[in-house]
>>> print(open('structure-v1.txt').read())   # compact mmCIF, C-alpha atoms
# COMPACT_ATOMS: atom_id res chain seq x y z
CA MET A 144 205.59 194.08 69.29
CA ASN A 145 209.27 193.83 70.20
CA ARG A 146 211.22 195.85 67.58
CA ASN A 147 214.48 194.27 68.85
CA GLY A 148 213.42 190.86 67.55
CA VAL A 149 212.65 189.45 64.12
CA LEU A 150 209.32 190.22 62.45
CA VAL A 151 207.80 187.62 60.13
CA PHE A 152 204.70 187.60 57.95
CA CYS A 153 203.76 184.37 56.20
CA ASP A 154 200.88 183.13 54.07
CA GLY A 155 199.89 180.25 51.80
CA ALA A 156 197.41 179.74 48.99
CA ALA A 157 196.08 176.91 46.83
CA LYS A 158 193.90 177.37 43.77
CA GLY A 159 191.26 174.69 43.93
CA ASN A 160 192.41 173.41 47.34
CA PRO A 161 193.80 170.98 46.31
CA GLY A 162 195.43 172.51 43.27
CA PRO A 163 198.45 174.61 42.33
CA GLY A 164 199.75 176.44 45.39
CA GLY A 165 202.17 179.05 46.57
CA TRP A 166 203.60 180.45 49.79
CA GLY A 167 205.01 183.83 50.70
CA VAL A 168 207.17 185.23 53.52
CA VAL A 169 208.48 188.63 54.57
CA ILE A 170 211.19 188.81 57.24
CA ALA A 171 212.34 192.07 58.85
CA THR A 172 215.46 191.89 61.02
CA PRO A 173 216.51 194.16 63.91
CA GLU A 174 219.44 195.26 61.74
CA GLY A 175 217.03 196.89 59.31
CA GLU A 176 217.08 194.30 56.55
CA VAL A 177 214.05 192.86 54.74
CA ILE A 178 213.95 189.48 53.01
CA GLU A 179 211.07 188.20 50.89
CA LEU A 180 210.75 184.48 50.19
CA GLY A 181 208.31 182.47 48.10
CA GLY A 182 207.75 179.13 46.46
CA ARG A 183 205.17 177.11 44.57
CA ALA A 184 203.84 173.56 44.39
CA ALA A 185 202.07 171.93 41.44
CA HIS A 186 199.39 170.21 43.52
CA THR A 187 198.82 170.98 47.18
CA THR A 188 196.40 172.38 49.74
CA ASN A 189 196.02 175.72 51.44
CA ASN A 190 196.93 174.25 54.83
CA ARG A 191 200.13 172.70 53.47
CA MET A 192 201.16 176.03 51.97
CA GLU A 193 200.40 177.88 55.23
CA LEU A 194 202.59 175.42 57.13
CA THR A 195 205.34 175.55 54.51
CA ALA A 196 205.43 179.35 54.71
CA ALA A 197 205.92 179.25 58.49
CA ILE A 198 208.58 176.54 58.22
CA GLU A 199 210.53 178.35 55.50
CA ALA A 200 210.37 181.63 57.41
CA LEU A 201 211.68 180.18 60.67
CA ALA A 202 214.30 178.12 58.86
CA ARG A 203 215.62 181.30 57.23
CA VAL A 204 215.63 183.13 60.58
CA GLY A 205 217.68 180.23 61.96
CA THR A 206 219.41 180.96 65.24
CA ALA A 207 219.06 184.74 65.09
CA PRO A 208 218.83 186.02 68.68
CA GLY A 209 215.69 187.44 70.22
CA VAL A 210 212.01 186.65 69.92
CA VAL A 211 210.55 185.97 66.48
CA ASP A 212 207.11 187.54 66.05
CA VAL A 213 205.20 185.55 63.43
CA TYR A 214 202.06 187.07 61.90
CA THR A 215 199.70 184.79 59.95
CA ASP A 216 196.03 184.69 59.02
CA SER A 217 195.96 180.89 59.48
CA THR A 218 194.18 179.82 62.65
CA TYR A 219 195.10 176.26 61.58
CA VAL A 220 198.80 177.02 62.01
CA ILE A 221 198.44 178.99 65.24
CA LYS A 222 196.07 176.65 67.03
CA GLY A 223 197.99 173.63 65.77
CA ILE A 224 201.38 174.75 67.06
CA ARG A 225 200.03 176.25 70.28
CA GLU A 226 197.41 173.70 71.30
CA TRP A 227 196.79 170.61 69.20
CA ILE A 228 200.38 169.49 68.71
CA HIS A 229 200.90 168.51 72.36
CA ASN A 230 198.18 165.86 72.21
CA TRP A 231 199.28 164.74 68.74
CA ARG A 232 202.76 163.99 70.05
CA ARG A 233 201.40 162.24 73.12
CA ARG A 234 199.13 160.02 71.00
CA GLY A 235 201.86 159.15 68.50
CA TRP A 236 200.71 161.67 65.88
CA THR A 237 197.13 160.53 65.74
CA THR A 238 193.97 162.54 66.27
CA MET A 239 191.45 162.04 69.05
CA ASP A 240 189.56 159.50 66.94
CA GLY A 241 192.74 157.56 66.15
CA THR A 242 193.30 158.71 62.56
CA PRO A 243 196.73 159.94 61.37
CA VAL A 244 197.35 163.68 61.73
CA SER A 245 197.09 165.43 58.37
CA ASN A 246 200.34 166.99 57.13
CA ARG A 247 202.25 165.18 59.87
CA GLU A 248 205.68 165.65 58.29
CA LEU A 249 205.17 169.42 58.05
CA TRP A 250 203.92 169.66 61.61
CA GLN A 251 206.97 167.74 62.79
CA GLN A 252 209.29 170.09 60.91
CA LEU A 253 207.59 173.15 62.38
CA ASP A 254 207.60 171.60 65.85
CA ALA A 255 211.34 170.93 65.65
CA ILE A 256 212.16 174.46 64.53
CA VAL A 257 210.00 176.09 67.21
CA THR A 258 211.34 173.78 69.91
CA ALA A 259 214.93 174.57 68.91
CA ARG A 260 214.35 178.27 69.61
CA GLY A 261 213.34 177.47 73.17
CA ARG A 262 210.34 178.42 75.26
CA GLY A 263 209.05 181.84 74.27
CA GLY A 264 211.38 182.02 71.28
CA VAL A 265 208.49 182.32 68.81
CA THR A 266 205.39 184.43 69.41
CA TRP A 267 202.41 183.76 67.16
CA HIS A 268 200.03 186.53 66.13
CA TYR A 269 196.77 186.21 64.22
CA VAL A 270 195.93 188.83 61.59
CA ARG A 271 192.68 188.81 59.68
CA GLY A 272 193.24 188.23 55.98
CA HIS A 273 192.42 190.97 53.47
CA ALA A 274 191.94 193.51 56.23
CA GLY A 275 194.57 195.99 55.05
CA THR A 276 197.54 194.93 57.20
CA PRO A 277 200.44 195.78 54.86
CA GLY A 278 202.65 192.78 55.70
CA ASN A 279 199.77 190.35 55.37
CA GLU A 280 198.67 191.88 52.08
CA ARG A 281 202.20 191.50 50.70
CA VAL A 282 202.67 187.84 51.61
CA ASP A 283 199.17 187.12 50.31
CA ALA A 284 200.14 188.71 46.98
CA ILE A 285 203.32 186.60 46.81
CA ALA A 286 201.54 183.35 47.67
CA ASP A 287 198.60 184.02 45.36
CA GLY A 288 200.80 185.11 42.46
CA LEU A 289 203.01 182.04 42.70
CA ALA A 290 199.97 179.76 42.99
CA ARG A 291 198.73 181.27 39.71
CA GLY A 292 202.09 180.59 38.06
CA ARG A 293 203.21 184.21 37.93
CA THR A 294 206.82 185.32 38.28
CA MET A 295 207.10 187.35 41.47
CA ALA A 296 209.91 189.84 42.11
CA LEU A 297 211.07 189.20 45.68
CA TYR A 298 212.77 191.98 47.60
CA GLU A 299 215.94 191.66 49.63
CA GLY A 300 217.54 194.81 50.96
CA PRO A 301 217.35 197.64 53.48
CA LEU A 302 214.13 198.40 55.34
CA ASP A 303 214.23 202.10 54.45
CA ALA A 304 213.99 201.23 50.74
CA TYR A 305 211.18 198.69 51.20
CA GLY A 306 207.84 199.93 49.94
CA VAL A 307 205.67 198.09 52.49
CA ALA A 308 204.88 199.46 55.97
CA ILE A 309 205.87 196.13 57.47
CA PHE A 310 205.72 197.31 61.09
CA ASP A 311 202.16 198.60 60.74
CA VAL A 312 200.50 195.76 62.66
CA PRO A 313 197.17 195.59 64.51
CA ASP A 314 197.09 195.93 68.29
CA GLU A 315 194.79 192.94 68.71
CA THR A 316 196.28 189.72 67.34
CA SER A 317 194.60 186.99 69.37
CA VAL A 318 192.81 184.19 67.55
CA PRO A 319 189.11 185.04 67.44
CA ALA A 320 186.91 182.89 69.63
CA ARG A 321 184.98 180.30 67.73
CA THR A 322 181.33 181.18 67.52
CA THR A 323 178.81 178.44 68.15
CA ARG A 324 175.42 178.30 66.59
CA ALA A 325 172.46 178.56 68.86
CA PRO A 326 170.85 175.14 69.19
CA ARG A 327 167.97 174.68 66.82
CA ALA A 328 164.66 174.69 68.62
CA ALA A 329 163.11 171.26 68.82
CA LYS A 330 160.06 170.78 66.64
CA ALA A 331 156.85 170.78 68.58
CA ALA A 332 155.23 167.37 68.78
CA ALA A 333 152.03 166.92 66.79
CA TYR A 334 148.71 166.79 68.61
CA SER A 335 146.90 166.05 65.35
CA TYR A 336 147.16 166.48 61.59
CA LEU A 337 144.12 168.18 60.13
CA SER A 338 142.83 168.12 56.57
CA LEU A 339 139.81 169.84 55.06
CA VAL A 340 138.62 168.62 51.67
CA ASP A 341 135.30 169.73 50.16
CA GLY A 342 134.24 171.03 53.57
CA ARG A 343 134.86 167.68 55.25
CA LEU A 344 137.31 167.64 58.17
CA MET A 345 139.52 164.68 59.00
CA ARG A 346 142.14 164.06 61.66
CA HIS A 347 145.21 161.96 60.82
CA SER A 348 147.83 160.24 62.93
CA THR A 349 150.67 160.93 60.47
CA TRP A 350 151.66 163.82 58.25
CA ALA A 351 151.96 161.43 55.26
CA ASP A 352 148.31 160.41 55.59
CA CYS A 353 147.23 164.03 55.87
CA GLU A 354 149.28 165.10 52.85
CA SER A 355 148.05 162.16 50.80
CA ARG A 356 144.42 163.14 51.31
CA VAL A 357 144.83 166.72 50.12
CA LYS A 358 147.28 166.12 47.28
CA GLY A 359 145.80 167.31 43.99
CA ARG A 360 142.54 168.44 45.60
CA SER A 361 141.61 172.01 44.72
CA GLY A 362 140.88 174.25 47.72
CA ALA A 363 142.05 171.63 50.24
CA LYS A 364 143.60 172.74 53.51
CA PHE A 365 145.90 170.88 55.87
CA LYS A 366 147.94 171.72 58.94
CA LYS A 367 149.62 170.25 62.01
CA ALA A 368 148.14 171.13 65.40
CA THR A 369 150.45 171.05 68.41
CA SER A 370 147.79 171.09 71.11
CA ALA A 371 144.05 171.01 71.62
CA THR A 372 144.04 174.81 71.84
CA ASP A 373 146.06 175.06 68.63
CA GLU A 374 143.68 172.67 66.90
CA ALA A 375 140.64 174.71 67.95
CA SER A 376 142.36 177.86 66.66
CA ILE A 377 143.03 176.27 63.27
CA LEU A 378 139.46 175.05 62.90
CA ALA A 379 138.13 178.49 63.84
CA ALA A 380 140.37 180.07 61.19
CA TRP A 381 139.03 177.61 58.65
CA GLY A 382 135.45 178.36 59.73
CA VAL A 383 134.86 174.77 60.74
CA ARG A 384 132.70 173.68 63.65
CA ASP A 385 133.66 170.28 64.90
>>> encode(input="structure-v1.txt", output="C-alpha cells")
Amino acid sequence: MNRNGVLVFCDGAAKGNPGPGGWGVVIATPEGEVIELGGRAAHTTNNRMELTAAIEALARVGTAPGVVDVYTDSTYVIKGIREWIHNWRRRGWTTMDGTPVSNRELWQQLDAIVTARGRGGVTWHYVRGHAGTPGNERVDAIADGLARGRTMALYEGPLDAYGVAIFDVPDETSVPARTTRAPRAAKAAAYSYLSLVDGRLMRHSTWADCESRVKGRSGAKFKKATSATDEASILAAWGVRD
C-alpha cells in the first residue's frame, strides 16, 4: 500500500436486509489525520449501505492528491465499479437481460466521483469481513451500531492518538475467485423397476407403478435396476430366481 496516499476503510450493514441500516468509514490522510464518518437509514439494504459508505468516503476525500486506497469487504462494490459498470453505461443502465440496474443513482454517484479522480486515482482492495483486519473491524462496528440505532462516538484527530492499527492491512486483497459447483451427475436411466410382494416378482415400466404395488405391503421390496446386470444382482440379493 502507498503510505503517501489516502487510506480508506468503508462498510455497510442492514438489519433484515431490507431494514434499518448504517454505514461506516475511516479515512487516514498522509498528513497523519484520521476521520471517522457514519450514517444511518430507516429502511434500506446492505448493498445500498455498502455503496453509500464508498460514496461518502470518496466525497470527503475530495480532490486530495495521490492515490486513494479503498478497503471494503463488499465484492458487490468492487466488481461493480471495476467490471459491471462499463456495460451498464453502454446499455443505458440496464442489465444484460434488459432490467434496470439496481441502485442506479448510487452507482452513478460513485462512478462520477471515481471518474473525477482520473485513471488510477482510486485503488480498490478486498478484505474478508470479520477476519481481524483492524480497519475493517472498526467500520463494521460503526455501520452495525448505527443500523441498530446506537449512538456511535466517531473519532477525528491525529493518527498517533487513534486506537486502531489502521495501516495493518492484509498482503492479499484481490477479490476471491468465484467457486463453481461440480455439475451434478446425471441420474442413470432405468432398465426396469422391480417389486417383490409375498415372494412374487414383477417388473414395472414406471417408478409410480412399482411404488403403488408395494405401498402398505409388509415385507415388500422394490428397486430400480439400471441394466440387465444390475437387475440380476438385485434379484440375487433378494434370493429370487427369475
>>> atom_distance(input="structure-v1.txt", atom1="CA of Ser317 (chain A)", atom2="CA of His268 (chain A)")
6.3 Å
>>> residues_near_point(input="structure-v1.txt", point="(147.1, 164.0, 56.9)", cutoff="12 Å", atoms="only C-alpha atoms", output="PDB file with C-alpha atoms, in the frame of the given file")
ATOM      1  CA  ALA A 333     152.030 166.920  66.790  1.00  0.00           C
ATOM      2  CA  SER A 335     146.900 166.050  65.350  1.00  0.00           C
ATOM      3  CA  TYR A 336     147.160 166.480  61.590  1.00  0.00           C
ATOM      4  CA  LEU A 337     144.120 168.180  60.130  1.00  0.00           C
ATOM      5  CA  SER A 338     142.830 168.120  56.570  1.00  0.00           C
ATOM      6  CA  LEU A 339     139.810 169.840  55.060  1.00  0.00           C
ATOM      7  CA  VAL A 340     138.620 168.620  51.670  1.00  0.00           C
ATOM      8  CA  LEU A 344     137.310 167.640  58.170  1.00  0.00           C
ATOM      9  CA  MET A 345     139.520 164.680  59.000  1.00  0.00           C
ATOM     10  CA  ARG A 346     142.140 164.060  61.660  1.00  0.00           C
ATOM     11  CA  HIS A 347     145.210 161.960  60.820  1.00  0.00           C
ATOM     12  CA  SER A 348     147.830 160.240  62.930  1.00  0.00           C
ATOM     13  CA  THR A 349     150.670 160.930  60.470  1.00  0.00           C
ATOM     14  CA  TRP A 350     151.660 163.820  58.250  1.00  0.00           C
ATOM     15  CA  ALA A 351     151.960 161.430  55.260  1.00  0.00           C
ATOM     16  CA  ASP A 352     148.310 160.410  55.590  1.00  0.00           C
ATOM     17  CA  CYS A 353     147.230 164.030  55.870  1.00  0.00           C
ATOM     18  CA  GLU A 354     149.280 165.100  52.850  1.00  0.00           C
ATOM     19  CA  SER A 355     148.050 162.160  50.800  1.00  0.00           C
ATOM     20  CA  ARG A 356     144.420 163.140  51.310  1.00  0.00           C
ATOM     21  CA  VAL A 357     144.830 166.720  50.120  1.00  0.00           C
ATOM     22  CA  LYS A 358     147.280 166.120  47.280  1.00  0.00           C
ATOM     23  CA  ALA A 363     142.050 171.630  50.240  1.00  0.00           C
ATOM     24  CA  LYS A 364     143.600 172.740  53.510  1.00  0.00           C
ATOM     25  CA  PHE A 365     145.900 170.880  55.870  1.00  0.00           C
ATOM     26  CA  LYS A 366     147.940 171.720  58.940  1.00  0.00           C
ATOM     27  CA  LYS A 367     149.620 170.250  62.010  1.00  0.00           C
ATOM     28  CA  ALA A 368     148.140 171.130  65.400  1.00  0.00           C
TER      29      ALA A 368
END
>>> residues_around(input="structure-v1.txt", residues="Glu199 (chain A)", least_positions_apart="5", cutoff="10 Å", atoms="all atoms listed in the file", output="ChimeraX atom specification")
/A:153,166-168,180-182,194,204-205,252-253,256
>>> closest_residue(input="structure-v1.txt", among="A:His273, A:Glu226, A:Asp254, A:Ile170", to="Tyr298 (chain A)", atoms="all atoms listed in the file")
A:Ile170
>>> residues_near_point(input="structure-v1.txt", point="(211.3, 180.9, 68.1)", cutoff="12 Å", atoms="all atoms listed in the file", output="PyMOL selection string")
chain A and resi 148-151+197-198+200-213+224+253-267
>>> atom_distance(input="structure-v1.txt", atom1="CA of Trp227 (chain A)", atom2="CA of Ala286 (chain A)")
25.5 Å
>>> closest_residue(input="structure-v1.txt", among="A:Arg271, A:Arg232, A:Arg281, A:Arg343", to="Arg247 (chain A)", atoms="only C-alpha atoms")
A:Arg232
>>> atom_distance(input="structure-v1.txt", atom1="CA of Asn190 (chain A)", atom2="CA of Ala290 (chain A)")
13.4 Å
>>> build_atoms(input="structure-v1.txt", residues="region 196-207 of chain A", atoms="all heavy atoms", output="compact mmCIF listing (two decimals), keeping the file's coordinate frame")
# COMPACT_ATOMS: atom_id res chain seq x y z
N ALA A 196 205.00 177.96 54.56
CA ALA A 196 205.43 179.35 54.71
C ALA A 196 206.04 179.58 56.09
O ALA A 196 207.11 180.20 56.22
CB ALA A 196 204.26 180.30 54.48
N ALA A 197 205.39 179.08 57.13
CA ALA A 197 205.92 179.25 58.49
C ALA A 197 207.24 178.53 58.66
O ALA A 197 208.19 179.05 59.27
CB ALA A 197 204.89 178.75 59.50
N ILE A 198 207.34 177.32 58.11
CA ILE A 198 208.58 176.54 58.22
C ILE A 198 209.72 177.25 57.51
O ILE A 198 210.83 177.40 58.05
CB ILE A 198 208.37 175.13 57.63
CG1 ILE A 198 207.43 174.31 58.52
CG2 ILE A 198 209.71 174.40 57.47
CD1 ILE A 198 206.90 173.05 57.86
N GLU A 199 209.48 177.69 56.29
CA GLU A 199 210.53 178.35 55.50
C GLU A 199 210.98 179.65 56.17
O GLU A 199 212.17 179.99 56.17
CB GLU A 199 210.03 178.62 54.09
CG GLU A 199 209.77 177.37 53.25
CD GLU A 199 211.05 176.65 52.85
OE1 GLU A 199 212.14 177.25 52.94
OE2 GLU A 199 210.95 175.48 52.43
N ALA A 200 210.03 180.37 56.74
CA ALA A 200 210.37 181.63 57.41
C ALA A 200 211.29 181.38 58.60
O ALA A 200 212.34 182.02 58.75
CB ALA A 200 209.10 182.35 57.85
N LEU A 201 210.89 180.44 59.46
CA LEU A 201 211.68 180.18 60.67
C LEU A 201 213.01 179.51 60.34
O LEU A 201 214.02 179.73 61.04
CB LEU A 201 210.87 179.34 61.65
CG LEU A 201 209.65 180.06 62.26
CD1 LEU A 201 208.81 179.10 63.09
CD2 LEU A 201 210.11 181.24 63.10
N ALA A 202 213.03 178.72 59.28
CA ALA A 202 214.30 178.12 58.86
C ALA A 202 215.27 179.20 58.40
O ALA A 202 216.48 179.13 58.67
CB ALA A 202 214.07 177.10 57.76
N ARG A 203 214.75 180.22 57.69
CA ARG A 203 215.62 181.30 57.23
C ARG A 203 216.11 182.16 58.40
O ARG A 203 217.25 182.61 58.43
CB ARG A 203 214.87 182.17 56.21
CG ARG A 203 215.69 183.31 55.63
CD ARG A 203 216.93 182.80 54.89
NE ARG A 203 217.71 183.89 54.34
CZ ARG A 203 217.63 184.31 53.09
NH1 ARG A 203 216.78 183.71 52.24
NH2 ARG A 203 218.38 185.29 52.66
N VAL A 204 215.23 182.37 59.39
CA VAL A 204 215.63 183.13 60.58
C VAL A 204 216.74 182.40 61.32
O VAL A 204 217.68 183.00 61.85
CB VAL A 204 214.42 183.37 61.51
CG1 VAL A 204 214.86 183.94 62.85
CG2 VAL A 204 213.41 184.30 60.84
N GLY A 205 216.63 181.05 61.35
CA GLY A 205 217.68 180.23 61.96
C GLY A 205 217.86 180.52 63.44
O GLY A 205 216.89 180.57 64.21
N THR A 206 219.09 180.76 63.82
CA THR A 206 219.41 180.96 65.24
C THR A 206 219.55 182.44 65.60
O THR A 206 220.18 182.78 66.61
CB THR A 206 220.71 180.22 65.59
OG1 THR A 206 221.77 180.72 64.74
CG2 THR A 206 220.56 178.72 65.40
N ALA A 207 218.99 183.31 64.78
CA ALA A 207 219.06 184.74 65.09
C ALA A 207 218.55 184.99 66.51
O ALA A 207 217.53 184.44 66.92
CB ALA A 207 218.24 185.54 64.09
